[in-house]
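Enquirer: Mind looking over this structure? Questions follow.
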Amino acid sequence: MELLSLSASDYSPADYAALAELIRYHNRLYYDLDSPEIADEVYDRLLRRLIDVETLHPEWRRHDSPTLEIGGTVAAELEPVRHPVPLLSLTDVFSREELAAALERIRGLVLESGDIPPEDETDFCVEEKIDGLSVLLTYENGRFVMGATRGDGATGENVTANLRTVSGIPARLATADPPERVIVRGEVYMAKTDFAALNADREAEGLALFANPRNAAAGSLRLLDASVTARRKLSFLAFQLENAADFGIATHAEALAELRKWGLTVIPVSPPSASTVAVLAAAEAIEERRHDLPYQIDGAVVKLNSLARRAELGSTAKTPRWAVAVKFPAEEAETVVNDIIVQVGRTGRVAPLAVLEPVRLAGSMISRVTLHNAAWLGEKDVRIGDYVCIYKAGDVIPAVDRVVLSKRSAVSRPFVMPKNCPSCAATLVVSEDGRDTRCVNPACPAQLLRHITHFAGRTAMDIAGLGEANAAQLIEAGLLHNVADIYTLAEHEAELVALPQWGELSSRNLLNAIEASKQRGPAALLTGLGIEHVGSVAARRLINHFGSLTALQSASEADFAAVRDIGAITARSLSTWLERPESRKLLRRLEELGVETRTESIMAEQRALQGQKFVLTGTLPNWTREEASAAIEAAGCEVTSAVSRQTDYLVAGEKAGSKLRRAQELNVKIISEAELRELLA
């Protein structure tokens, strides 16, 4: 970036203004939209440059400078929450030397604040800096009653319903004598394995990928549909008891121990120490094990252990004076592209893949990396024989950062995508923007294996025993040519039994699982068909609306687009798939083979409810929030998190709070769980 090529002393007022505006732009992408365009280390360099310029020219700094801002803004569609305590950010340092200097600065502030303190009052604790979304939890009389995002530090977003689905946040504190009020700050994150699985599913459905686990967690937590959040498998680690003074707790380490007793999952912390050497060693130990952790971290946090000394030091408008974050450098490696191959995905999407000279990166050996699509490959201009720098996006997914052009061979040539499918030789179809290359041959062998394993997967027809290895064996034996053939395998039981490593028990178990799958319902079947952009959530929305696959075939693209959460791209993809004669033939055959293609769950009375908006509040006597939400959605209705003039019903349970008052103000109809059950019956 040009602005980083200037030293701080060379900046003009116009350069300063441009840098501040650039940082505001990236703040909005990161905090508000959860879709960053630059790596964290580049952002850190921009912000540090702004700090350096403002240090030289304090007269240029405006009241809205990014150096004074905390986090992002509150989304308009989420209910704002005023925090009981300010949620500040941290001062960042980037080296061992800077961390040591920061520790000395904090000790100096402690000495200035009064008498010479005992050594244990200058102890520091060191924690992992989880790269997730900071939230504040409030418990009243032991019950979780409110959860909010950090927002701008003073006001956040009410995401209580979503936080109830997050692992590590108990609905009640594990104590027989709960405190009147507990305020906990912590981090919501997505485990690396769950992030990789989520992106794999999104790529298979043709959806945009999340850049890293942090953005996946943030985007998932701020959804308006808590049931979708629940499926994203988020977790929580507490790192601060904000009202520790209410309990007479003296140190941060004691506060974390109390949180553990109450049943919250708590971030690991080093033993308190006043030694700079010990603190540096603890931070370095975290950096060494960062790639072995189940979650992504981007640094370590060093905090003064004494809560009394923290109170004396206080904070600036943006950061506490008693803590500092040391940011770890991003890792990358250089290697050679030995080959570029193309792979055919389940939906027919053909993607280029770089075969690399194996290289160790972030704790694992990397030998392959995706090149995404023809347009991306053209923009990066990756060629066979090139030296490339690779990194792990979010410490998880290997990706190409850049080509080392100084090492490029003079005889290298740009890679050209094939015109024919590498699996079946059918002519490939390229989208207008050049970003999508597909094989549209439904009999393509490469698609068949992935299509069958997807069809049999847990989110679809859930056929145990029909994983990739077994499916490949059945295809090779000529028993499977499409997904409908799965339901004819009972006619070939003798051939199944005779296959290597099968036998009577394995064959019978598979056939039983196939028979049971016939009753999985049309939403699971629609998911299993592998239509681009139609995942499990979209399938459920469509079936709830139309009631059957037969009704889907009679609907138009405009009808699909009118369904909640079904956008134009999904509507067009579904309409195109249904228009193909081979698709309709497949659906007819599945129905003839006894697979359930219609649902009776939407009765005439319930159809009158379709599209109406429900809000849940309080504790229901017999249903969890997730169960109630699922029942409401099965009736074709919508569950939202905030009460508004568009809300049709508020379902109020025990200890309903502000949502009940808001519903009364707006004359929204308020019903009990029993009345909800009657309404949905």
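Ordering of the structure tokens sets the chain letters (A, B, ...); residue numbers start at 1 within each chain; ligands are numbered from 1 in the order shown.
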Using only C-alpha atoms, determine which residues lie at most 8 Å from A:Phe560, disregarding the query and same-chain residues fewer than 5 positions distant; provide the list as an MDAnalysis selection string.

Expert: chainID A and resid 542 555 566 571

Enquirer: What's the 10 Å shell around A:Tyr16, counting only C-alpha atoms, without same-chain residues fewer than 6 positions away, as a list in words?

Expert: Leu3, Ala8, Leu22, Arg49, Leu50, Val53, Glu54, His57, Trp60 and Arg61 of chain A

Enquirer: Residues at most 7 Å from A:Val269, counting only C-alpha atoms, excluding those fewer than 2 positions away in the same chain, as a PyMOL selection string?

Expert: chain A and resi 125-127+267+271

Enquirer: Near A:Arg450, within 12 Å and counting only C-alpha atoms, which residues show up once chain neighbours fewer than 4 positions away are dropped, as a list in words?

Expert: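 My list of contacting residues is Ala204, Gln343, Val344, Gly345, Arg346, Thr347, Gly348, Arg349, Cys444, Pro445, Ala446, His454, Phe455, Ala456, Gly457, Leu466, Gly467, Glu468, Ala469, Ala471, Ala472, Ile475, Asn482, Val483, Gly528, Leu529 and Gly530 of chain A.
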
Enquirer: Restrict the selected residues to N, CA and C atoms and save them as a PDB file, in the first residue's frame.

Expert:
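Once everything was written out, this is part.pdb:
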ATOM      1  N   ALA A 204     -19.029 -26.561  -1.295  1.00  0.00           N
ATOM      2  CA  ALA A 204     -19.802 -27.557  -2.032  1.00  0.00           C
ATOM      3  C   ALA A 204     -21.134 -26.986  -2.498  1.00  0.00           C
ATOM      4  N   GLN A 343      -9.833 -30.503 -10.465  1.00  0.00           N
ATOM      5  CA  GLN A 343     -10.676 -31.495  -9.817  1.00  0.00           C
ATOM      6  C   GLN A 343     -12.142 -31.170 -10.059  1.00  0.00           C
ATOM      7  N   VAL A 344     -12.949 -32.218 -10.151  1.00  0.00           N
ATOM      8  CA  VAL A 344     -14.386 -32.045 -10.370  1.00  0.00           C
ATOM      9  C   VAL A 344     -15.105 -32.271  -9.049  1.00  0.00           C
ATOM     10  N   GLY A 345     -15.855 -31.267  -8.599  1.00  0.00           N
ATOM     11  CA  GLY A 345     -16.580 -31.360  -7.346  1.00  0.00           C
ATOM     12  C   GLY A 345     -17.943 -32.014  -7.504  1.00  0.00           C
ATOM     13  N   ARG A 346     -18.643 -32.159  -6.371  1.00  0.00           N
ATOM     14  CA  ARG A 346     -19.938 -32.838  -6.352  1.00  0.00           C
ATOM     15  C   ARG A 346     -20.972 -32.163  -7.236  1.00  0.00           C
ATOM     16  N   THR A 347     -20.936 -30.826  -7.289  1.00  0.00           N
ATOM     17  CA  THR A 347     -21.920 -30.103  -8.100  1.00  0.00           C
ATOM     18  C   THR A 347     -21.449 -29.891  -9.526  1.00  0.00           C
ATOM     19  N   GLY A 348     -20.301 -30.498  -9.894  1.00  0.00           N
ATOM     20  CA  GLY A 348     -19.777 -30.338 -11.242  1.00  0.00           C
ATOM     21  C   GLY A 348     -18.795 -29.200 -11.378  1.00  0.00           C
ATOM     22  N   ARG A 349     -18.568 -28.476 -10.301  1.00  0.00           N
ATOM     23  CA  ARG A 349     -17.632 -27.346 -10.359  1.00  0.00           C
ATOM     24  C   ARG A 349     -16.211 -27.872 -10.534  1.00  0.00           C
ATOM     25  N   CYS A 444     -21.284 -37.908 -15.057  1.00  0.00           N
ATOM     26  CA  CYS A 444     -19.837 -37.758 -14.847  1.00  0.00           C
ATOM     27  C   CYS A 444     -19.393 -38.613 -13.658  1.00  0.00           C
ATOM     28  N   PRO A 445     -18.449 -39.536 -13.838  1.00  0.00           N
ATOM     29  CA  PRO A 445     -18.024 -40.433 -12.751  1.00  0.00           C
ATOM     30  C   PRO A 445     -17.467 -39.688 -11.532  1.00  0.00           C
ATOM     31  N   ALA A 446     -16.724 -38.606 -11.761  1.00  0.00           N
ATOM     32  CA  ALA A 446     -16.148 -37.876 -10.635  1.00  0.00           C
ATOM     33  C   ALA A 446     -17.232 -37.280  -9.758  1.00  0.00           C
ATOM     34  N   HIS A 454     -22.519 -37.438  -0.554  1.00  0.00           N
ATOM     35  CA  HIS A 454     -23.271 -36.298  -0.032  1.00  0.00           C
ATOM     36  C   HIS A 454     -24.719 -36.705   0.243  1.00  0.00           C
ATOM     37  N   PHE A 455     -25.327 -37.422  -0.691  1.00  0.00           N
ATOM     38  CA  PHE A 455     -26.707 -37.878  -0.551  1.00  0.00           C
ATOM     39  C   PHE A 455     -26.871 -38.730   0.707  1.00  0.00           C
ATOM     40  N   ALA A 456     -25.868 -39.543   1.003  1.00  0.00           N
ATOM     41  CA  ALA A 456     -25.942 -40.460   2.147  1.00  0.00           C
ATOM     42  C   ALA A 456     -25.474 -39.815   3.448  1.00  0.00           C
ATOM     43  N   GLY A 457     -25.010 -38.558   3.388  1.00  0.00           N
ATOM     44  CA  GLY A 457     -24.457 -37.893   4.568  1.00  0.00           C
ATOM     45  C   GLY A 457     -25.496 -37.597   5.627  1.00  0.00           C
ATOM     46  N   LEU A 466     -22.550 -45.978   3.971  1.00  0.00           N
ATOM     47  CA  LEU A 466     -22.375 -45.611   2.564  1.00  0.00           C
ATOM     48  C   LEU A 466     -21.430 -44.411   2.476  1.00  0.00           C
ATOM     49  N   GLY A 467     -20.269 -44.592   3.089  1.00  0.00           N
ATOM     50  CA  GLY A 467     -19.235 -43.572   3.002  1.00  0.00           C
ATOM     51  C   GLY A 467     -18.473 -43.681   1.696  1.00  0.00           C
ATOM     52  N   GLU A 468     -17.408 -42.904   1.575  1.00  0.00           N
ATOM     53  CA  GLU A 468     -16.699 -42.803   0.303  1.00  0.00           C
ATOM     54  C   GLU A 468     -16.122 -44.136  -0.166  1.00  0.00           C
ATOM     55  N   ALA A 469     -15.497 -44.888   0.758  1.00  0.00           N
ATOM     56  CA  ALA A 469     -14.852 -46.140   0.348  1.00  0.00           C
ATOM     57  C   ALA A 469     -15.886 -47.154  -0.149  1.00  0.00           C
ATOM     58  N   ALA A 471     -18.993 -46.523  -1.165  1.00  0.00           N
ATOM     59  CA  ALA A 471     -19.657 -46.018  -2.367  1.00  0.00           C
ATOM     60  C   ALA A 471     -18.790 -46.255  -3.603  1.00  0.00           C
ATOM     61  N   ALA A 472     -17.490 -46.002  -3.480  1.00  0.00           N
ATOM     62  CA  ALA A 472     -16.583 -46.217  -4.613  1.00  0.00           C
ATOM     63  C   ALA A 472     -16.581 -47.688  -5.037  1.00  0.00           C
ATOM     64  N   ILE A 475     -19.837 -48.417  -6.895  1.00  0.00           N
ATOM     65  CA  ILE A 475     -19.794 -47.837  -8.247  1.00  0.00           C
ATOM     66  C   ILE A 475     -18.936 -48.703  -9.161  1.00  0.00           C
ATOM     67  N   ASN A 482     -26.492 -43.780 -10.185  1.00  0.00           N
ATOM     68  CA  ASN A 482     -27.045 -42.512  -9.701  1.00  0.00           C
ATOM     69  C   ASN A 482     -27.611 -42.770  -8.307  1.00  0.00           C
ATOM     70  N   VAL A 483     -28.115 -41.728  -7.642  1.00  0.00           N
ATOM     71  CA  VAL A 483     -28.551 -41.892  -6.251  1.00  0.00           C
ATOM     72  C   VAL A 483     -29.789 -42.779  -6.147  1.00  0.00           C
ATOM     73  N   GLY A 528     -30.044 -33.718  -0.088  1.00  0.00           N
ATOM     74  CA  GLY A 528     -29.190 -34.765  -0.650  1.00  0.00           C
ATOM     75  C   GLY A 528     -29.039 -34.709  -2.154  1.00  0.00           C
ATOM     76  N   LEU A 529     -29.968 -34.043  -2.845  1.00  0.00           N
ATOM     77  CA  LEU A 529     -29.884 -33.993  -4.303  1.00  0.00           C
ATOM     78  C   LEU A 529     -28.685 -33.180  -4.787  1.00  0.00           C
ATOM     79  N   GLY A 530     -28.087 -32.408  -3.902  1.00  0.00           N
ATOM     80  CA  GLY A 530     -26.847 -31.714  -4.250  1.00  0.00           C
ATOM     81  C   GLY A 530     -27.023 -30.587  -5.241  1.00  0.00           C
TER      82      GLY A 530
END

Enquirer: What lies within 12 Å of A:Glu79 using only C-alpha atoms, ignoring chain neighbours under 6 positions off, as a PyMOL selection string?

Expert: chain A and resi 146-149+151+155-161+222+224+640-644+658-659+662

Enquirer: For those residues, write N, CA and C atoms to a file as a PDB file, in the first residue's frame.

Expert:
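What ended up in again-v8.pdb:
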ATOM      1  N   MET A 146     -28.690 -12.199  29.835  1.00  0.00           N
ATOM      2  CA  MET A 146     -28.353 -11.258  28.767  1.00  0.00           C
ATOM      3  C   MET A 146     -26.959 -11.543  28.231  1.00  0.00           C
ATOM      4  N   GLY A 147     -26.829 -11.484  26.909  1.00  0.00           N
ATOM      5  CA  GLY A 147     -25.519 -11.600  26.275  1.00  0.00           C
ATOM      6  C   GLY A 147     -25.431 -10.619  25.125  1.00  0.00           C
ATOM      7  N   ALA A 148     -24.322  -9.918  25.028  1.00  0.00           N
ATOM      8  CA  ALA A 148     -24.191  -8.882  24.005  1.00  0.00           C
ATOM      9  C   ALA A 148     -22.796  -8.876  23.408  1.00  0.00           C
ATOM     10  N   THR A 149     -22.716  -8.455  22.140  1.00  0.00           N
ATOM     11  CA  THR A 149     -21.421  -8.254  21.500  1.00  0.00           C
ATOM     12  C   THR A 149     -20.761  -6.987  22.045  1.00  0.00           C
ATOM     13  N   GLY A 151     -19.601  -4.421  20.295  1.00  0.00           N
ATOM     14  CA  GLY A 151     -20.053  -3.220  19.588  1.00  0.00           C
ATOM     15  C   GLY A 151     -18.982  -2.148  19.598  1.00  0.00           C
ATOM     16  N   THR A 155     -21.903   0.350  23.709  1.00  0.00           N
ATOM     17  CA  THR A 155     -23.175  -0.258  23.324  1.00  0.00           C
ATOM     18  C   THR A 155     -22.908  -1.428  22.390  1.00  0.00           C
ATOM     19  N   GLY A 156     -23.513  -2.569  22.701  1.00  0.00           N
ATOM     20  CA  GLY A 156     -23.365  -3.752  21.862  1.00  0.00           C
ATOM     21  C   GLY A 156     -24.694  -4.210  21.319  1.00  0.00           C
ATOM     22  N   GLU A 157     -24.716  -5.443  20.803  1.00  0.00           N
ATOM     23  CA  GLU A 157     -25.908  -6.022  20.197  1.00  0.00           C
ATOM     24  C   GLU A 157     -26.420  -7.173  21.058  1.00  0.00           C
ATOM     25  N   ASN A 158     -27.698  -7.214  21.261  1.00  0.00           N
ATOM     26  CA  ASN A 158     -28.312  -8.278  22.041  1.00  0.00           C
ATOM     27  C   ASN A 158     -28.319  -9.565  21.216  1.00  0.00           C
ATOM     28  N   VAL A 159     -27.496 -10.518  21.605  1.00  0.00           N
ATOM     29  CA  VAL A 159     -27.436 -11.815  20.916  1.00  0.00           C
ATOM     30  C   VAL A 159     -27.668 -12.938  21.928  1.00  0.00           C
ATOM     31  N   THR A 160     -28.519 -12.665  22.920  1.00  0.00           N
ATOM     32  CA  THR A 160     -28.770 -13.625  23.999  1.00  0.00           C
ATOM     33  C   THR A 160     -29.241 -14.966  23.461  1.00  0.00           C
ATOM     34  N   ALA A 161     -30.222 -14.936  22.559  1.00  0.00           N
ATOM     35  CA  ALA A 161     -30.773 -16.199  22.036  1.00  0.00           C
ATOM     36  C   ALA A 161     -29.694 -17.020  21.360  1.00  0.00           C
ATOM     37  N   ARG A 222     -24.085 -13.249  15.012  1.00  0.00           N
ATOM     38  CA  ARG A 222     -24.935 -12.085  14.756  1.00  0.00           C
ATOM     39  C   ARG A 222     -26.084 -12.405  13.798  1.00  0.00           C
ATOM     40  N   LEU A 224     -29.822 -13.605  12.688  1.00  0.00           N
ATOM     41  CA  LEU A 224     -31.132 -13.400  13.297  1.00  0.00           C
ATOM     42  C   LEU A 224     -31.823 -14.718  13.625  1.00  0.00           C
ATOM     43  N   THR A 640     -37.573 -14.528  15.291  1.00  0.00           N
ATOM     44  CA  THR A 640     -36.628 -13.409  15.320  1.00  0.00           C
ATOM     45  C   THR A 640     -36.209 -13.142  16.754  1.00  0.00           C
ATOM     46  N   SER A 641     -35.150 -12.357  16.934  1.00  0.00           N
ATOM     47  CA  SER A 641     -34.596 -12.149  18.270  1.00  0.00           C
ATOM     48  C   SER A 641     -35.135 -10.908  18.962  1.00  0.00           C
ATOM     49  N   ALA A 642     -35.666  -9.948  18.209  1.00  0.00           N
ATOM     50  CA  ALA A 642     -36.103  -8.684  18.801  1.00  0.00           C
ATOM     51  C   ALA A 642     -37.577  -8.431  18.501  1.00  0.00           C
ATOM     52  N   VAL A 643     -38.279  -7.844  19.473  1.00  0.00           N
ATOM     53  CA  VAL A 643     -39.680  -7.478  19.295  1.00  0.00           C
ATOM     54  C   VAL A 643     -39.769  -6.169  18.518  1.00  0.00           C
ATOM     55  N   SER A 644     -40.611  -6.150  17.485  1.00  0.00           N
ATOM     56  CA  SER A 644     -40.818  -4.940  16.695  1.00  0.00           C
ATOM     57  C   SER A 644     -42.287  -4.872  16.301  1.00  0.00           C
ATOM     58  N   SER A 658     -37.264  -7.649  29.201  1.00  0.00           N
ATOM     59  CA  SER A 658     -37.544  -6.432  28.447  1.00  0.00           C
ATOM     60  C   SER A 658     -38.367  -6.695  27.193  1.00  0.00           C
ATOM     61  N   LYS A 659     -38.247  -7.891  26.630  1.00  0.00           N
ATOM     62  CA  LYS A 659     -39.022  -8.194  25.422  1.00  0.00           C
ATOM     63  C   LYS A 659     -40.521  -8.215  25.728  1.00  0.00           C
ATOM     64  N   ARG A 662     -41.659  -4.649  25.955  1.00  0.00           N
ATOM     65  CA  ARG A 662     -41.712  -4.070  24.623  1.00  0.00           C
ATOM     66  C   ARG A 662     -42.940  -4.569  23.862  1.00  0.00           C
TER      67      ARG A 662
END

Enquirer: What are the closest atom pairs, with distances in Å to one decimal, for all residues of stretch 245-325 of chain A lying within 10 Å of stretch 168-176 of chain A? Consider only C-alpha atoms, order rows by chain and residue number, and present the result as JSON lines.

Expert:
{"residue": "A:Leu259", "atom": "CA", "partner": "A:Leu173", "partner_atom": "CA", "distance": 9.0}
{"residue": "A:Arg260", "atom": "CA", "partner": "A:Ala174", "partner_atom": "CA", "distance": 9.2}
{"residue": "A:Lys261", "atom": "CA", "partner": "A:Ala174", "partner_atom": "CA", "distance": 7.0}
{"residue": "A:Trp262", "atom": "CA", "partner": "A:Ala174", "partner_atom": "CA", "distance": 4.6}
{"residue": "A:Gly263", "atom": "CA", "partner": "A:Ala174", "partner_atom": "CA", "distance": 5.2}
{"residue": "A:Leu264", "atom": "CA", "partner": "A:Gly168", "partner_atom": "CA", "distance": 5.9}
{"residue": "A:Thr265", "atom": "CA", "partner": "A:Gly168", "partner_atom": "CA", "distance": 5.2}
{"residue": "A:Val266", "atom": "CA", "partner": "A:Gly168", "partner_atom": "CA", "distance": 8.5}
